[in-house]
Amino acid sequence: FHPASNVKKMSAGTPLTDDDRWPWLNAIAAEIARKRASGTNVIIACSALKRAYRDILVQGHRDTRIVYLRGRKELIAARLAARKNHFMPPGLLDSQFRTLEEPTVDEHPLVVDIDATVDEIADRIVTLLKRNRETL
C-alpha cells in the first residue's frame with residue numbers, strides 16, 4: 001500500500017513523516033472499507049504507530065480490530081536484521097519507537113506479545129479474535 005515515494009524514502013534510511021503516511025493510511029482504509037462492503041474478512045499488517053493512524057483505519061467500526069504486536073526493541077531489531085530484501089532497513093527502528101503511541105484501552109486493542117514463534121503468535125491472535133467476536 002505504500003506509494004513508491006515512501007518505499008524509496010525508507011530504502012534510503014529516511015523515516016517517514018505524517019504527510020508521507022496519510023496517502024498510505026488512506027489506501028489501507030479504502031481497502032478495509034471495500035472488504036467490509038463486500039462482507040469479506042481481511043487481515044492487514046502495518047505499522048499504525050499513532051492513535052491518529054489507527055483512527056483512520058478503524059473509522060469507528062467496532063468490527064475492525066487493532067492487534068497490537070508488542071515486543072522488546074531488541075527482539076524486533078533481531079527480527080528486522082534477519083529479513084532479506086525488505087525496503088525498510090533496521091536503522092529505522094529507533095524512529096518507529098519514537099513515533100509509537102501504544103494503543104489505549106478505549107481503542108479495544110488485542111495485545112499480543114511477540115516473544116514466541118510466528119505460529120504461536122498467529123495462534124494467540126486467532127484465539128483472541130474468536131474470544132472477542134462476541135463483544136463486537
# chains A, B, ... in the order shown; residues from 1 in each chain; ligands from 1

call {"tool": "select_by_dssp", "arguments": {"residues": "chain A", "states": "strand (DSSP E)", "output": "mmCIF file with N, CA, C and O atoms, in the first residue's frame"}}
result
data_model
loop_
_atom_site.group_PDB
_atom_site.id
_atom_site.type_symbol
_atom_site.label_atom_id
_atom_site.label_comp_id
_atom_site.auth_asym_id
_atom_site.auth_seq_id
_atom_site.Cartn_x
_atom_site.Cartn_y
_atom_site.Cartn_z
ATOM 1 N N VAL A 67 -4.794 -5.271 16.332
ATOM 2 C CA VAL A 67 -3.990 -6.240 17.070
ATOM 3 C C VAL A 67 -2.629 -5.591 17.253
ATOM 4 O O VAL A 67 -1.926 -5.309 16.277
ATOM 5 N N TYR A 68 -2.299 -5.318 18.487
ATOM 6 C CA TYR A 68 -1.034 -4.670 18.807
ATOM 7 C C TYR A 68 -0.006 -5.745 19.123
ATOM 8 O O TYR A 68 -0.117 -6.446 20.118
ATOM 9 N N LEU A 69 0.964 -5.876 18.233
ATOM 10 C CA LEU A 69 2.042 -6.844 18.429
ATOM 11 C C LEU A 69 3.125 -6.154 19.252
ATOM 12 O O LEU A 69 3.879 -5.331 18.749
ATOM 13 N N ARG A 70 3.169 -6.501 20.534
ATOM 14 C CA ARG A 70 4.052 -5.817 21.482
ATOM 15 C C ARG A 70 5.344 -6.612 21.642
ATOM 16 O O ARG A 70 5.296 -7.833 21.852
ATOM 17 N N LEU A 110 -6.332 -5.750 20.769
ATOM 18 C CA LEU A 110 -5.979 -7.098 21.170
ATOM 19 C C LEU A 110 -4.454 -7.083 21.261
ATOM 20 O O LEU A 110 -3.775 -6.887 20.250
ATOM 21 N N VAL A 111 -3.919 -7.245 22.453
ATOM 22 C CA VAL A 111 -2.483 -7.121 22.670
ATOM 23 C C VAL A 111 -1.859 -8.502 22.680
ATOM 24 O O VAL A 111 -2.278 -9.384 23.433
ATOM 25 N N VAL A 112 -0.861 -8.685 21.810
ATOM 26 C CA VAL A 112 -0.185 -9.975 21.683
ATOM 27 C C VAL A 112 1.319 -9.739 21.792
ATOM 28 O O VAL A 112 1.885 -8.984 21.001
ATOM 29 N N ASP A 113 1.932 -10.367 22.781
ATOM 30 C CA ASP A 113 3.382 -10.288 22.901
ATOM 31 C C ASP A 113 4.017 -11.168 21.838
ATOM 32 O O ASP A 113 3.520 -12.256 21.537
#

call {"tool": "closest_atom_pairs", "arguments": {"of": "range 33-118 of chain A", "to": "range 1-24 of chain A", "cutoff": "9 Å", "atoms": "only C-alpha atoms", "output": "Markdown table"}}
result
| residue | atom | partner | partner_atom | distance |
| --- | --- | --- | --- | --- |
| A:Tyr53 | CA | A:Trp22 | CA | 8.1 |
| A:Ile56 | CA | A:Trp22 | CA | 9.0 |
| A:His86 | CA | A:Ser11 | CA | 8.3 |
| A:Phe87 | CA | A:Ser11 | CA | 4.9 |
| A:Met88 | CA | A:Met10 | CA | 5.4 |
| A:Pro89 | CA | A:Gly13 | CA | 6.4 |
| A:Pro90 | CA | A:Gly13 | CA | 8.7 |
| A:Gly91 | CA | A:Gly13 | CA | 6.7 |
| A:Leu92 | CA | A:Pro15 | CA | 6.3 |
| A:Ser95 | CA | A:Pro15 | CA | 6.5 |
| A:Gln96 | CA | A:Pro15 | CA | 8.1 |

call {"tool": "closest_residue", "arguments": {"among": "A:Ser47, A:Arg98, A:Ala30, A:Ile114", "to": "Gly71 in chain A", "atoms": "only C-alpha atoms"}}
result
A:Ile114

call {"tool": "closest_residue", "arguments": {"among": "A:Lys84, A:Arg72, A:Arg133, A:Arg54", "to": "Ala116 in chain A", "atoms": "only C-alpha atoms"}}
result
A:Arg72

call {"tool": "select_by_dssp", "arguments": {"residues": "range 18-75 of chain A", "states": "alpha helix (DSSP H)", "output": "count of residues only"}}
result
32

call {"tool": "residues_around", "arguments": {"residues": "Ala29 in chain A", "least_positions_apart": "3", "cutoff": "9 Å", "atoms": "only C-alpha atoms", "output": "count of residues only"}}
result
10
